[in-house]
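Below is the file query.cif, which contains mmCIF, C-alpha atoms and all ligand atoms.
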data_coords
loop_
_atom_site.label_atom_id
_atom_site.label_comp_id
_atom_site.auth_asym_id
_atom_site.auth_seq_id
_atom_site.Cartn_x
_atom_site.Cartn_y
_atom_site.Cartn_z
CA MET A 10 -49.04 171.33 91.42
CA ILE A 11 -45.94 173.49 91.54
CA ILE A 12 -42.71 171.45 91.51
CA ASP A 13 -40.05 174.10 92.14
CA GLY A 14 -40.06 175.16 95.80
CA ASN A 15 -42.93 172.76 96.55
CA GLU A 16 -44.22 173.27 100.12
CA LYS A 17 -44.64 169.54 100.84
CA GLU A 18 -41.09 168.76 99.76
CA ARG A 19 -39.77 171.72 101.75
CA ALA A 20 -41.59 170.36 104.79
CA ALA A 21 -39.98 166.97 104.14
CA MET A 22 -36.53 168.56 104.08
CA GLU A 23 -37.27 170.39 107.32
CA GLN A 24 -38.01 167.05 108.97
CA PHE A 25 -34.78 165.53 107.60
CA HIS A 26 -32.81 168.46 109.00
CA LYS A 27 -34.42 167.95 112.41
CA GLY A 28 -33.37 164.29 112.30
CA ASN A 29 -36.94 163.03 111.77
CA ARG A 30 -36.08 160.76 108.87
CA GLU A 31 -39.27 158.70 108.94
CA GLU A 32 -41.50 161.77 108.76
CA GLY A 33 -39.28 163.28 106.06
CA LEU A 34 -39.58 160.13 103.99
CA ARG A 35 -43.35 160.05 104.50
CA LEU A 36 -43.76 163.64 103.32
CA GLN A 37 -41.35 163.07 100.45
CA GLU A 38 -43.36 160.10 99.24
CA GLU A 39 -46.53 162.21 99.43
CA PHE A 40 -44.82 164.72 97.13
CA ALA A 41 -43.61 162.00 94.78
CA ALA A 42 -47.04 160.34 94.68
CA ALA A 43 -48.74 163.66 93.88
CA PHE A 44 -46.11 164.32 91.19
CA ARG A 45 -46.62 160.87 89.66
CA GLU A 46 -50.35 161.40 89.46
CA GLU A 47 -50.34 164.99 88.21
CA TYR A 48 -47.64 164.51 85.59
CA LYS A 49 -48.73 161.09 84.38
CA ASN A 50 -49.66 162.53 81.03
CA LYS A 51 -48.37 166.09 80.96
CA ASP A 52 -45.07 167.81 80.46
CA HIS A 53 -43.13 168.45 83.67
CA CYS A 54 -39.97 169.75 81.99
CA PRO A 55 -39.52 173.55 81.99
CA CYS A 56 -36.57 173.45 79.54
CA LYS A 57 -37.19 175.66 76.52
CA LYS A 58 -34.31 174.41 74.41
CA VAL A 59 -34.73 172.53 71.16
CA CYS A 60 -33.74 169.10 72.44
CA LEU A 61 -34.37 165.46 71.60
CA TYR A 62 -34.47 164.54 75.29
CA HIS A 63 -37.12 166.99 76.47
CA GLY A 64 -38.82 165.52 79.55
CA ASN A 65 -36.61 162.43 79.48
CA CYS A 66 -34.84 163.09 82.79
CA LYS A 67 -32.93 159.81 82.83
CA GLU A 68 -31.13 160.51 79.57
CA CYS A 69 -30.95 164.29 80.10
CA VAL A 70 -29.16 163.86 83.44
CA ALA A 71 -26.86 161.18 81.99
CA ILE A 72 -25.87 163.55 79.19
CA HIS A 73 -25.05 166.35 81.63
CA ARG A 74 -23.15 164.01 83.90
CA ALA A 75 -21.23 162.81 80.87
CA HIS A 76 -20.15 166.19 79.51
CA GLN A 77 -19.67 167.78 82.97
CA GLU A 78 -20.07 171.33 81.64
CA HIS A 79 -23.32 172.40 83.27
CA VAL A 80 -26.48 171.11 84.92
CA PRO A 81 -29.86 170.23 83.35
CA ASN A 82 -31.85 173.33 82.44
CA CYS A 83 -34.55 172.74 85.08
CA MET A 84 -31.94 173.24 87.82
CA ARG A 85 -30.85 176.68 86.67
CA PRO A 86 -33.29 178.74 88.77
CA MET A 87 -32.31 176.91 91.98
CA LEU A 88 -28.59 177.29 91.32
CA ASN A 89 -28.89 180.88 90.07
CA ALA A 90 -30.69 181.84 93.29
CA LYS A 91 -27.75 180.50 95.30
CA ILE A 92 -25.11 181.98 92.97
CA LYS A 93 -26.87 185.35 93.22
CA ILE A 94 -26.31 185.33 96.99
CA LEU A 95 -22.59 184.55 96.50
CA SER A 96 -22.35 187.15 93.74
CA GLY A 97 -23.34 189.78 96.31
CA LEU A 98 -19.93 189.26 97.91
CA THR A 99 -18.40 191.19 94.98
CA GLU A 100 -21.37 193.55 94.59
CA HIS A 101 -22.43 191.52 91.54
CA THR A 102 -19.49 192.87 89.50
CA VAL A 103 -19.07 189.41 88.00
CA ALA A 104 -21.96 190.49 85.74
CA ASN A 105 -19.45 192.79 84.01
CA GLU A 106 -17.29 189.81 83.15
CA ILE A 107 -19.85 187.40 81.72
CA GLU A 108 -22.37 187.23 78.91
CA PRO A 109 -24.96 184.45 78.60
CA PRO A 110 -24.66 182.35 75.43
CA ARG A 111 -27.26 182.51 72.69
CA GLU A 112 -29.63 179.55 73.05
CA ASN A 113 -31.62 177.59 70.50
CA LEU A 114 -35.15 177.65 71.99
CA ARG A 115 -38.31 175.72 71.08
CA LYS A 116 -41.24 177.50 69.51
CA GLU A 117 -44.13 177.59 72.04
S1 LIG A 201 -33.69 166.73 84.07
FE1 LIG A 201 -33.74 167.42 81.94
S2 LIG A 201 -35.54 166.43 81.08
FE2 LIG A 201 -35.75 166.36 83.29
S3 LIG A 201 -36.94 168.16 83.84
FE3 LIG A 201 -34.77 168.70 84.01
S4 LIG A 201 -34.22 169.59 82.03
FE4 LIG A 201 -36.14 168.48 81.78
#
Render the structure in this file as structure tokens.
Amino acid sequence: MIIDGNEKERAAMEQFHKGNREEGLRLQEEFAAAFREEYKNKDHCPCKKVCLYHGNCKECVAIHRAHQEHVPNCMRPMLNAKIKILSGLTEHTVANEIEPPRENLRKE
């Protein structure tokens, strides 16, 4: 099961946007049920950082909400895809003004 960009969840969102809340909720619960089953015993967290809270979404999100500096690592690809579109407005010249920080990553 692929979580990011999941087709079932995308279909749920499509129904919400059309105003079909009941069908959106039904599809969303199908996604959640499949997620629950598939990730009952395996790692769902794509974060590669050395971190005490790996896979502990409740505490990970609380920490990020608390410090307010950036979002949990798993949300980077989604946000970067949207930022990339906005960055096109300045022909991506913002890349000349920024440098990603060095990160402390887990050994695979
Ligand atoms: S919220 Fe945090 S712990 Fe949960 S998947 Fe994302 S990065 Fe991992």
Protein and nucleic residues near ligand LIG 201 (chain A), 8 Å, only C-alpha atoms and all ligand atoms, as a PyMOL selection string: chain A and resi 53-56+62-70+81-84
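CA of Gly14 in chain A is found 17.1 Å from CA of Leu34 in chain A.
One distance worth recording is that between CA of Ile11 in chain A and CA of Glu78 in chain A, which is 27.8 Å.
In terms of minimum interatomic distance to Glu39 in chain A, A:Lys17 ranks closest within A:Glu108, A:Phe25, A:Arg85, A:Lys17, counting all atoms listed in the file.
Between CA of Ser96 in chain A and CA of Lys57 in chain A lies a distance of 25.5 Å.
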- prompt: So, counting only C-alpha atoms, which residue among A:Asp13, A:Glu18, A:Gly33, A:Lys58 is closest to Arg111 in chain A?
  reply: A:Lys58
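Among A:Met10, A:Ala90, A:Val80, A:Met22, the residue with the shortest atom-to-atom distance to Lys51 in chain A, counting all atoms listed in the file, is A:Met10.
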Using all atoms of range 54-62 of chain A that appear in the file, construct an axis-aligned enclosing box with 6 Å of padding on every side and provide its centre coordinates and edge lengths in Å, rounded to one decimal, as JSON.
{"center_x": -36.9, "center_y": 170.1, "center_z": 76.6, "size_x": 18.2, "size_y": 23.1, "size_z": 22.8}
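With all atoms listed in the file as the atoms that count, the minimum distance from Val59 in chain A to the choices A:Asn89, A:Arg45, A:Leu95, A:Lys116 is reached by A:Lys116.
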Any chance you could model N, CA and C atoms for range 14-43 of chain A and send them as a short mmCIF file (atom, residue, chain, number, x, y, z; two decimals), keeping the file's coordinate frame?
data_model
loop_
_atom_site.label_atom_id
_atom_site.label_comp_id
_atom_site.auth_asym_id
_atom_site.auth_seq_id
_atom_site.Cartn_x
_atom_site.Cartn_y
_atom_site.Cartn_z
N GLY A 14 -39.76 174.52 94.51
CA GLY A 14 -40.06 175.16 95.80
C GLY A 14 -41.32 174.58 96.43
N ASN A 15 -41.70 173.39 96.06
CA ASN A 15 -42.93 172.76 96.55
C ASN A 15 -42.97 172.72 98.10
N GLU A 16 -44.09 173.16 98.65
CA GLU A 16 -44.22 173.27 100.12
C GLU A 16 -44.09 171.91 100.81
N LYS A 17 -44.69 170.89 100.23
CA LYS A 17 -44.64 169.54 100.84
C LYS A 17 -43.20 169.04 100.90
N GLU A 18 -42.47 169.23 99.80
CA GLU A 18 -41.09 168.76 99.76
C GLU A 18 -40.20 169.59 100.69
N ARG A 19 -40.52 170.88 100.79
CA ARG A 19 -39.77 171.72 101.75
C ARG A 19 -40.01 171.25 103.17
N ALA A 20 -41.26 170.87 103.46
CA ALA A 20 -41.59 170.36 104.79
C ALA A 20 -40.84 169.05 105.05
N ALA A 21 -40.71 168.23 104.00
CA ALA A 21 -39.98 166.97 104.14
C ALA A 21 -38.52 167.26 104.51
N MET A 22 -37.93 168.23 103.81
CA MET A 22 -36.53 168.56 104.08
C MET A 22 -36.34 169.09 105.50
N GLU A 23 -37.32 169.86 105.96
CA GLU A 23 -37.27 170.39 107.32
C GLU A 23 -37.21 169.24 108.33
N GLN A 24 -38.01 168.20 108.08
CA GLN A 24 -38.01 167.05 108.97
C GLN A 24 -36.67 166.31 108.92
N PHE A 25 -36.10 166.18 107.72
CA PHE A 25 -34.78 165.53 107.60
C PHE A 25 -33.74 166.30 108.42
N HIS A 26 -33.78 167.64 108.28
CA HIS A 26 -32.81 168.46 109.00
C HIS A 26 -32.95 168.35 110.51
N LYS A 27 -34.18 168.11 110.97
CA LYS A 27 -34.42 167.95 112.41
C LYS A 27 -34.07 166.54 112.88
N GLY A 28 -33.71 165.68 111.94
CA GLY A 28 -33.37 164.29 112.30
C GLY A 28 -34.58 163.36 112.28
N ASN A 29 -35.73 163.87 111.83
CA ASN A 29 -36.94 163.03 111.77
C ASN A 29 -37.04 162.36 110.40
N ARG A 30 -36.19 161.40 110.19
CA ARG A 30 -36.08 160.76 108.87
C ARG A 30 -37.37 160.09 108.41
N GLU A 31 -38.03 159.41 109.33
CA GLU A 31 -39.27 158.70 108.94
C GLU A 31 -40.33 159.67 108.44
N GLU A 32 -40.50 160.78 109.16
CA GLU A 32 -41.50 161.77 108.76
C GLU A 32 -41.07 162.45 107.45
N GLY A 33 -39.78 162.70 107.30
CA GLY A 33 -39.28 163.28 106.06
C GLY A 33 -39.57 162.37 104.88
N LEU A 34 -39.32 161.09 105.07
CA LEU A 34 -39.58 160.13 103.99
C LEU A 34 -41.07 160.04 103.67
N ARG A 35 -41.90 160.12 104.72
CA ARG A 35 -43.35 160.05 104.50
C ARG A 35 -43.82 161.25 103.66
N LEU A 36 -43.37 162.43 104.06
CA LEU A 36 -43.76 163.64 103.32
C LEU A 36 -43.20 163.62 101.90
N GLN A 37 -41.98 163.12 101.76
CA GLN A 37 -41.35 163.07 100.45
C GLN A 37 -42.13 162.14 99.51
N GLU A 38 -42.58 161.01 100.07
CA GLU A 38 -43.36 160.10 99.24
C GLU A 38 -44.71 160.71 98.88
N GLU A 39 -45.28 161.51 99.76
CA GLU A 39 -46.53 162.21 99.43
C GLU A 39 -46.30 163.14 98.24
N PHE A 40 -45.17 163.85 98.26
CA PHE A 40 -44.82 164.72 97.13
C PHE A 40 -44.66 163.89 95.87
N ALA A 41 -43.88 162.83 95.96
CA ALA A 41 -43.61 162.00 94.78
C ALA A 41 -44.89 161.38 94.23
N ALA A 42 -45.78 160.94 95.12
CA ALA A 42 -47.04 160.34 94.68
C ALA A 42 -47.90 161.38 93.96
N ALA A 43 -47.95 162.58 94.51
CA ALA A 43 -48.74 163.66 93.88
C ALA A 43 -48.13 164.01 92.52
#
